[in-house]
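Read the structure below first, then the notes.
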2 protein chains.
Amino acid sequence: MGISQTASRTAGWLTDEELRQLDCIFNPASVAIIGATDSSDRVGFNCLEAILMGGFKGKIYPIHPRHKELLGLKVYAHLEEVESPIDLAIIALNQYATVEMLETCGRLGIAGAIAVAGGYKEMGAEGEELERRLVAISRRYGIKVIGPNTLGLANTHANLNATFYPLGLAKKGNLSIISQSGGVGRSIVEKATDEGLAISKWIGVGNRACLEFADFLQYLDYDPTTKVIGVFLEATEDARRLVQVAGEVAQHKPVVIFKAGETEIAQQSALTHTGSMATSHKVYTDIFQQFGLISVGSVAELVAACKALLIGQVPAGPRVGVMTHTAGPSIIVVDELAKRGCVLSSLGAQTVERVRTLIGPNVPVILKNPLDAAAFGYQPEQYGQVAEVFMADPNVDLLLAMHALHKNWRFPAPEIIRAKQRYGKPTVTCYIANVEGAREHMEMMHREGIPLYITAEEAAWGAAWLVNYARRKGRREKR
Amino acid sequence: MGISQTASRTAGWLTDEELRQLDCIFNPASVAIIGATDSSDRVGFNCLEAILMGGFKGKIYPIHPRHKELLGLKVYAHLEEVESPIDLAIIALNQYATVEMLETCGRLGIAGAIAVAGGYKEMGAEGEELERRLVAISRRYGIKVIGPNTLGLANTHANLNATFYPLGLAKKGNLSIISQSGGVGRSIVEKATDEGLAISKWIGVGNRACLEFADFLQYLDYDPTTKVIGVFLEATEDARRLVQVAGEVAQHKPVVIFKAGETEIAQQSALTHTGSMATSHKVYTDIFQQFGLISVGSVAELVAACKALLIGQVPAGPRVGVMTHTAGPSIIVVDELAKRGCVLSSLGAQTVERVRTLIGPNVPVILKNPLDAAAFGYQPEQYGQVAEVFMADPNVDLLLAMHALHKNWRFPAPEIIRAKQRYGKPTVTCYIANVEGAREHMEMMHREGIPLYITAEEAAWGAAWLVNYARRKGRREKR
């Protein structure tokens, strides 16, 4: 359920009407590309090609005063020539012309615009003045503006690539991303692709002159195809509203935030990027924690956490059982779990006895958690037996099962799946391989609700954030 | 030059003869696989198949009392039946039989043995006693023992896969890895493969009953095909010798160490893995720093650092120039550089002027480091021009050039290569893409001595460790 059930906008919240307006922008029936042109060097060309490469099914109106046809589409000399209504205008003009054009868009009743150009607040006094004019126009006409200074947005479910990166869209799915940087946002998508994840929305917030992080968070809460939200944040003056809204959203959908700028020098870089003042990094991360958000330290951890929350199952408690046939990676796992406040299960006496019976008295294994079943665990059937014993232990809330690619000892996918189905316990897997070598098993496990990672670090991050999300959820439900 | 020039072994150092003996083990003319058998479930079978899959060109002697032929090879009932000399024996028997067999190996004058089985020091008093017997036999006969409790070793240059993981060997190259864990060692190789790196030696040290980290470090220093050494360490009682030897080796070849067990609970896990007591993690990392070693915090950072040191060029000073057309990732870079004590170049007035002339007066760009050339920098030729201006600045010791995969704005590979050739300055690149999408450019740049990473974090780690290596080297040379 969406969090905005009120009819009129209360401080900091979009109204239902505004949410519907944003939904129209993300699912437009028609798109105008203003400044579309014929040179692949230019942003305008790339915006048009991106729309086509995304496979957009609605009406496409390239706008340019001199061209007649571009990429097989009729070009309109002026926006006013388009007789049908336009839902989304992508403005690929310089910063000054963008503001003029926004006025036209507003007058024509267009729902939303993407202002691609930079040259506003991040450029000092003159730019600030220009940005104020842009905001005033947006308010006057009620037109929603994404940016300025942004790569744009995408919605796989609408086959909409409204960015100037003409690439095929990611697979349709339920992870949505809000990024203060186009480049980091792209990096998240690339990593998510390697991790076998499928995307819903992608939003480059740019300077956030009219729409802030908080607004997009509220929209993604409202959006039924979004199940998990990943956020890359450099800095914002709107931190209070951000955490308040994100905290509310997190009651329904996990919100994972990677805040850059831990060092002072990086904070200065952020300032000249999107013109935002930086608050102390620690202030941010402490507040994130307080508001039940998931605060991570890198793109890789952001994607790992989103993956677990998207594919995995939330555990009933915080106790993790780790089993492996190779001990070293499980030490890395224990480290990463501990750093994130997770608890290792104390195995029950019955579990120890049952594992000993399975393994036999002479196999040199110390029965503890993590359990290194070593040679015994190389066989898939035996691995599966131990996994089931672990799952049956009431002290285990989540099983983290580790394996390494081997020619003759296959990854025990069916056995782990069967164990999970039988005991219904959340499971995370680590399969040490390279990206290509793991792909098939990754898809297989993901279909069964079991996230599979190729490194110990990432598997631990996934498990840890599932546990922490469960904890925070539990705390909220008890209130 | 090797570091052991003395004729007789002095405390903590292998003699020249011992180094030659190790070299014979890593480059054997003949290998015996003791316990080779016909079931792919068993370690003995996998050891034999691994030797075959590695493409070993020397003599292979499978040893088993009952089999006559295995995988097309004649099987010998007993080791004594082999009439030719054996350089390396891979013992795939249980822990008790391994010790007995080692005695036979020693008596027959075999240079070295890999003791695969676990069940020694890591298993308490009885295991400790067994390990003492193993050590005594090794000393008595002068046979070098790798392990016990190890995956084994590999040497791509000898087509030798002496592990029980029958996989094709990695590409022949100059990165060597010493790992206290087979699984983490495998993980390093998998990641290195995704990063386009080629390997020389791979060593699973196991319980280090006879050969310690320090011994392998000394050997790899002596080994001409090793240029960079990556180490995964859980714990060792031999920390003093480790850092002394590693510090010496680091005078000739970079040594990158990932020490696991930052948390106390992970240290306990390490204890039951290879039976080693843990010293405080901070004590280790402080000492590493003191001895000029490169101390990293994850498998990913280990591989990133090794990649830079293997492929890249060591800068003359610590000042990094960062250029990009997408600002966000450069903020991550600045953060990661700053955390590792790097300095951002202050651009000279001439550089600023020249960049402004290139970009033109109206393009909204703040000229600073990192330089976000944004729209201007999307064109490869223009990107190359800015890169050359950066390189020409005497304040820039190393250029970190960032880009993101785009259909129409290709990665400026030839331009960056030309700039590097013209100015001869060390260069690191970040190309935001997924593993598959970056492969071609990665190979192209690596051939030119320019490491290419697909994430901002890893690119920064690479640059930072090049800078830090240069600094330590400089400090040593001044002494």
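Simple scheme: letters A, B, ... for chains in structure tokens order, numbers from 1 for residues in each chain, numbers from 1 for ligands in the order shown.
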Exercise. Any chance you could list, as an NGL selection string, the residues in stretch 227-309 of chain A that come up helix (DSSP H, G or I) when DSSP is run on the backbone?
Key: :A and (239-249 or 264-274 or 281-290 or 299-309)
Go ahead and dump the residues you just picked, C-alpha atoms, as an mmCIF file, in the first residue's frame.
data_model
loop_
_atom_site.group_PDB
_atom_site.id
_atom_site.type_symbol
_atom_site.label_atom_id
_atom_site.label_comp_id
_atom_site.auth_asym_id
_atom_site.auth_seq_id
_atom_site.Cartn_x
_atom_site.Cartn_y
_atom_site.Cartn_z
ATOM 1 C CA ALA A 239 18.278 15.151 4.436
ATOM 2 C CA ARG A 240 15.543 15.434 7.067
ATOM 3 C CA ARG A 241 12.747 14.818 4.591
ATOM 4 C CA LEU A 242 14.796 12.126 2.869
ATOM 5 C CA VAL A 243 15.158 10.032 6.005
ATOM 6 C CA GLN A 244 11.589 10.647 7.139
ATOM 7 C CA VAL A 245 10.108 9.538 3.842
ATOM 8 C CA ALA A 246 12.643 6.728 3.379
ATOM 9 C CA GLY A 247 11.885 5.543 6.913
ATOM 10 C CA GLU A 248 8.187 5.353 6.049
ATOM 11 C CA VAL A 249 8.849 3.636 2.742
ATOM 12 C CA GLU A 264 36.187 15.552 3.452
ATOM 13 C CA ILE A 265 37.875 15.855 0.080
ATOM 14 C CA ALA A 266 35.204 13.676 -1.534
ATOM 15 C CA GLN A 267 32.537 15.880 0.038
ATOM 16 C CA GLN A 268 34.067 18.851 -1.762
ATOM 17 C CA SER A 269 33.862 16.962 -5.041
ATOM 18 C CA ALA A 270 30.190 16.256 -4.433
ATOM 19 C CA LEU A 271 29.545 19.956 -3.949
ATOM 20 C CA THR A 272 30.713 20.863 -7.449
ATOM 21 C CA HIS A 273 28.908 17.911 -8.971
ATOM 22 C CA THR A 274 25.279 18.548 -8.180
ATOM 23 C CA HIS A 281 29.057 11.348 6.565
ATOM 24 C CA LYS A 282 28.640 9.861 10.019
ATOM 25 C CA VAL A 283 25.586 12.023 10.710
ATOM 26 C CA TYR A 284 23.983 10.534 7.617
ATOM 27 C CA THR A 285 24.790 6.928 8.348
ATOM 28 C CA ASP A 286 23.706 7.201 11.991
ATOM 29 C CA ILE A 287 20.387 8.685 10.946
ATOM 30 C CA PHE A 288 19.905 6.043 8.259
ATOM 31 C CA GLN A 289 20.303 3.364 10.898
ATOM 32 C CA GLN A 290 17.908 5.142 13.236
ATOM 33 C CA VAL A 299 28.237 -0.218 -5.163
ATOM 34 C CA ALA A 300 29.029 -3.917 -4.731
ATOM 35 C CA GLU A 301 27.475 -4.004 -1.255
ATOM 36 C CA LEU A 302 24.444 -2.041 -2.445
ATOM 37 C CA VAL A 303 23.803 -4.568 -5.196
ATOM 38 C CA ALA A 304 24.480 -7.514 -2.856
ATOM 39 C CA ALA A 305 21.993 -6.192 -0.297
ATOM 40 C CA CYS A 306 19.346 -5.412 -2.929
ATOM 41 C CA LYS A 307 19.831 -8.889 -4.382
ATOM 42 C CA ALA A 308 19.216 -10.629 -1.067
ATOM 43 C CA LEU A 309 16.159 -8.517 -0.309
#
Practice problem: May I have the residues within 7 Å of stretch 183-185 of chain A as an NGL selection string, using only C-alpha atoms and disregarding those fewer than 2 positions away in the same chain? | Solution: (:A and (179 or 181 or 187-189)) or (:B and (326 or 328-329 or 404))
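You can rank B:Ala89, B:Val296, B:Ile432, B:Val43 by their closest distance to A:Phe376 using only C-alpha atoms, and at the top of that list sits B:Val43.
Checking B:Ser298, B:Gly317, B:Ala387, B:Leu344 one by one against B:Gly474, counting only C-alpha atoms, you find the shortest gap at B:Gly317.
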Practice problem: Write out as a PyMOL selection string the residues lying within 8 Å of A:Gly348, counting only C-alpha atoms and excluding same-chain residues fewer than 3 positions away. | Solution: chain A and resi 351-352+393-395
Quiz item: From the set A:Glu440, A:Glu448, A:Glu100, A:Glu381, which residue has the shortest atom-to-atom contact distance to chain B, counting only C-alpha atoms?
Solution: A:Glu381
Practice problem: Name all residues at most 9 Å from A:Ala115 (count only C-alpha atoms; drop same-chain ones fewer than 3 positions away) and give them as an MDAnalysis selection string. | Solution: chainID A and resid 89:93 95 98:99 102 118 145:152 206
Take the selection from the previous step and output its residues with all heavy atoms, as a compact mmCIF listing (two decimals), in the first residue's frame.
# COMPACT_ATOMS: atom_id res chain seq x y z
N ALA A 89 8.37 15.06 -21.92
CA ALA A 89 9.27 15.77 -22.82
C ALA A 89 10.70 15.58 -22.34
O ALA A 89 11.00 15.86 -21.17
CB ALA A 89 8.92 17.25 -22.85
N ILE A 90 11.55 15.10 -23.24
CA ILE A 90 12.98 15.00 -22.91
C ILE A 90 13.65 16.20 -23.57
O ILE A 90 13.65 16.31 -24.80
CB ILE A 90 13.56 13.68 -23.44
CG1 ILE A 90 12.78 12.50 -22.86
CG2 ILE A 90 15.04 13.57 -23.11
CD1 ILE A 90 13.10 11.16 -23.51
N ILE A 91 14.18 17.10 -22.75
CA ILE A 91 14.74 18.35 -23.30
C ILE A 91 16.25 18.22 -23.40
O ILE A 91 16.96 18.21 -22.40
CB ILE A 91 14.35 19.55 -22.42
CG1 ILE A 91 12.83 19.58 -22.18
CG2 ILE A 91 14.81 20.86 -23.09
CD1 ILE A 91 12.35 20.73 -21.29
N ALA A 92 16.71 18.10 -24.65
CA ALA A 92 18.15 17.94 -24.91
C ALA A 92 18.68 19.23 -25.53
O ALA A 92 19.16 19.25 -26.66
CB ALA A 92 18.38 16.74 -25.82
N LEU A 93 18.56 20.33 -24.79
CA LEU A 93 19.03 21.64 -25.24
C LEU A 93 20.02 22.17 -24.20
O LEU A 93 20.17 21.58 -23.13
CB LEU A 93 17.83 22.61 -25.35
CG LEU A 93 16.67 22.15 -26.24
CD1 LEU A 93 15.49 23.10 -26.09
CD2 LEU A 93 17.10 22.06 -27.70
N GLN A 95 21.49 24.81 -21.25
CA GLN A 95 20.79 25.18 -20.01
C GLN A 95 19.83 26.35 -20.16
O GLN A 95 18.76 26.38 -19.54
CB GLN A 95 21.80 25.43 -18.88
CG GLN A 95 22.69 26.65 -19.01
CD GLN A 95 24.03 26.35 -19.67
OE1 GLN A 95 24.10 25.61 -20.67
NE2 GLN A 95 25.10 26.91 -19.12
N THR A 98 16.81 25.29 -22.37
CA THR A 98 15.99 24.33 -21.62
C THR A 98 14.91 25.06 -20.83
O THR A 98 13.75 24.66 -20.81
CB THR A 98 16.89 23.51 -20.67
OG1 THR A 98 17.77 22.70 -21.45
CG2 THR A 98 16.07 22.62 -19.75
N VAL A 99 15.32 26.16 -20.17
CA VAL A 99 14.38 26.90 -19.33
C VAL A 99 13.27 27.51 -20.19
O VAL A 99 12.08 27.43 -19.85
CB VAL A 99 15.11 27.98 -18.51
CG1 VAL A 99 14.13 28.85 -17.73
CG2 VAL A 99 16.11 27.32 -17.55
N LEU A 102 10.98 24.75 -21.26
CA LEU A 102 10.13 24.23 -20.18
C LEU A 102 8.84 25.05 -20.07
O LEU A 102 7.77 24.51 -19.80
CB LEU A 102 10.90 24.26 -18.84
CG LEU A 102 10.18 23.57 -17.68
CD1 LEU A 102 10.04 22.07 -17.93
CD2 LEU A 102 10.91 23.82 -16.37
N GLY A 118 23.43 20.38 -17.89
CA GLY A 118 24.01 20.92 -16.67
C GLY A 118 24.21 22.42 -16.86
O GLY A 118 23.87 22.97 -17.91
N VAL A 145 9.56 18.21 -13.13
CA VAL A 145 10.85 18.23 -13.82
C VAL A 145 11.84 17.29 -13.15
O VAL A 145 12.07 17.38 -11.94
CB VAL A 145 11.43 19.66 -13.87
CG1 VAL A 145 12.78 19.68 -14.58
CG2 VAL A 145 10.46 20.61 -14.56
N ILE A 146 12.41 16.38 -13.92
CA ILE A 146 13.50 15.53 -13.44
C ILE A 146 14.81 16.21 -13.83
O ILE A 146 15.02 16.54 -15.00
CB ILE A 146 13.41 14.11 -14.04
CG1 ILE A 146 12.20 13.36 -13.46
CG2 ILE A 146 14.65 13.30 -13.74
CD1 ILE A 146 10.97 13.44 -14.28
N GLY A 147 15.69 16.43 -12.88
CA GLY A 147 16.94 17.11 -13.15
C GLY A 147 16.93 18.51 -12.57
O GLY A 147 16.33 18.72 -11.53
N PRO A 148 17.54 19.50 -13.20
CA PRO A 148 18.37 19.37 -14.40
C PRO A 148 19.70 18.67 -14.08
O PRO A 148 19.90 18.25 -12.95
CB PRO A 148 18.62 20.83 -14.78
CG PRO A 148 18.63 21.55 -13.47
CD PRO A 148 17.61 20.85 -12.62
N ASN A 149 20.55 18.56 -15.13
CA ASN A 149 21.86 17.95 -14.95
C ASN A 149 21.70 16.47 -14.65
O ASN A 149 22.20 15.95 -13.67
CB ASN A 149 22.61 18.68 -13.81
CG ASN A 149 24.08 18.31 -13.71
OD1 ASN A 149 24.64 17.71 -14.63
ND2 ASN A 149 24.70 18.69 -12.61
N THR A 150 20.97 15.78 -15.52
CA THR A 150 20.68 14.37 -15.28
C THR A 150 20.77 13.54 -16.55
O THR A 150 20.61 14.04 -17.65
CB THR A 150 19.26 14.18 -14.67
OG1 THR A 150 19.04 12.79 -14.48
CG2 THR A 150 18.18 14.71 -15.61
N LEU A 151 21.04 12.26 -16.33
CA LEU A 151 21.05 11.27 -17.41
C LEU A 151 19.63 10.93 -17.83
O LEU A 151 19.41 10.48 -18.95
CB LEU A 151 21.76 10.01 -16.88
CG LEU A 151 22.20 8.92 -17.83
CD1 LEU A 151 23.03 9.49 -18.96
CD2 LEU A 151 23.03 7.89 -17.06
N GLY A 152 18.65 11.14 -16.93
CA GLY A 152 17.26 10.83 -17.26
C GLY A 152 16.69 9.72 -16.41
O GLY A 152 17.06 9.57 -15.23
N GLY A 206 19.79 14.05 -10.72
CA GLY A 206 20.44 15.30 -11.12
C GLY A 206 20.47 16.31 -9.99
O GLY A 206 20.70 15.94 -8.82
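When the distance limit is 9 Å and only C-alpha atoms are what count, the residues near A:Asp41, minus those fewer than 6 positions from it on the same chain, are Tyr378, Gln379, Asn408 and Trp409 of chain B.
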Quiz item: Counting only C-alpha atoms, which of A:Val386, A:Ala460, A:Leu405, A:Leu14 gets nearest to A:Val343?
Solution: A:Ala460
Exercise. For A:Lys59, list every protein, DNA or RNA residue within 12 Å, evaluated using only C-alpha atoms, and leave out those in the same chain fewer than 6 positions away; present the list as an MDAnalysis selection string.
Key: chainID A and resid 27:33 51:52 73:74 82:89 160
Taking N, CA and C atoms for each residue, export the selection above as a compact mmCIF listing (two decimals), in the first residue's frame.
# COMPACT_ATOMS: atom_id res chain seq x y z
N ASN A 27 5.27 5.97 -17.18
CA ASN A 27 4.54 5.09 -18.11
C ASN A 27 3.84 5.95 -19.16
N PRO A 28 4.59 6.70 -19.92
CA PRO A 28 3.97 7.67 -20.83
C PRO A 28 3.35 6.97 -22.04
N ALA A 29 2.29 7.57 -22.57
CA ALA A 29 1.73 7.10 -23.84
C ALA A 29 2.47 7.75 -25.00
N SER A 30 3.13 8.88 -24.71
CA SER A 30 3.82 9.61 -25.77
C SER A 30 5.01 10.36 -25.19
N VAL A 31 6.08 10.44 -26.01
CA VAL A 31 7.31 11.10 -25.58
C VAL A 31 7.78 12.06 -26.67
N ALA A 32 8.12 13.27 -26.29
CA ALA A 32 8.75 14.20 -27.23
C ALA A 32 10.23 14.30 -26.90
N ILE A 33 11.07 14.27 -27.93
CA ILE A 33 12.51 14.46 -27.71
C ILE A 33 12.88 15.80 -28.34
N ILE A 51 15.41 5.96 -26.83
CA ILE A 51 13.98 5.67 -26.81
C ILE A 51 13.67 4.50 -27.76
N LEU A 52 14.28 4.55 -28.94
CA LEU A 52 14.05 3.48 -29.92
C LEU A 52 14.65 2.16 -29.44
N LEU A 73 11.73 8.41 -38.24
CA LEU A 73 10.55 9.05 -37.62
C LEU A 73 10.35 10.45 -38.17
N LYS A 74 9.10 10.84 -38.31
CA LYS A 74 8.77 12.21 -38.71
C LYS A 74 9.22 13.18 -37.61
N VAL A 82 2.75 19.34 -32.61
CA VAL A 82 2.26 18.01 -32.23
C VAL A 82 0.82 18.18 -31.74
N GLU A 83 -0.12 17.51 -32.40
CA GLU A 83 -1.51 17.77 -32.06
C GLU A 83 -2.04 16.88 -30.94
N SER A 84 -1.42 15.71 -30.77
CA SER A 84 -1.86 14.82 -29.68
C SER A 84 -1.19 15.24 -28.37
N PRO A 85 -1.75 14.82 -27.24
CA PRO A 85 -1.12 15.18 -25.97
C PRO A 85 0.22 14.48 -25.77
N ILE A 86 1.10 15.15 -25.06
CA ILE A 86 2.43 14.59 -24.77
C ILE A 86 2.54 14.36 -23.25
N ASP A 87 2.99 13.17 -22.87
CA ASP A 87 3.14 12.89 -21.42
C ASP A 87 4.52 13.29 -20.90
N LEU A 88 5.53 13.02 -21.72
CA LEU A 88 6.91 13.24 -21.24
C LEU A 88 7.72 13.96 -22.31
N ALA A 89 8.37 15.06 -21.92
CA ALA A 89 9.27 15.77 -22.82
C ALA A 89 10.70 15.58 -22.34
N LEU A 160 10.80 1.89 -21.59
CA LEU A 160 11.17 3.30 -21.67
C LEU A 160 12.62 3.53 -21.25
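Residue nearest A:Thr263, chosen from B:Lys201, B:Lys368, B:Arg319, B:Arg340 and counting only C-alpha atoms: B:Arg340.
Proximity to chain B was assessed for A:Ala413, A:Leu197, A:Leu217, A:Ile331 counting only C-alpha atoms; the smallest distance is recorded for A:Ile331.
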Exercise. Record the distance separating atom CA of B:Thr324 and atom CA of B:Gly297, expressed in Å with one decimal.
Key: 26.4 Å
Practice problem: List every residue of stretch 7-137 of chain A that DSSP, applied to the backbone of this structure, places in strand (DSSP E), and write the result as a VMD selection string. | Solution: chain A and resid 30 to 34 59 to 63 69 to 70 73 to 74 88 to 91 112 to 115
Self-check item: Shell around A:Glu353 at 12 Å using only C-alpha atoms, local window under 2 positions removed, as a PyMOL selection string
Solution: chain A and resi 347-351+355-361+366-368+386+389-390+393
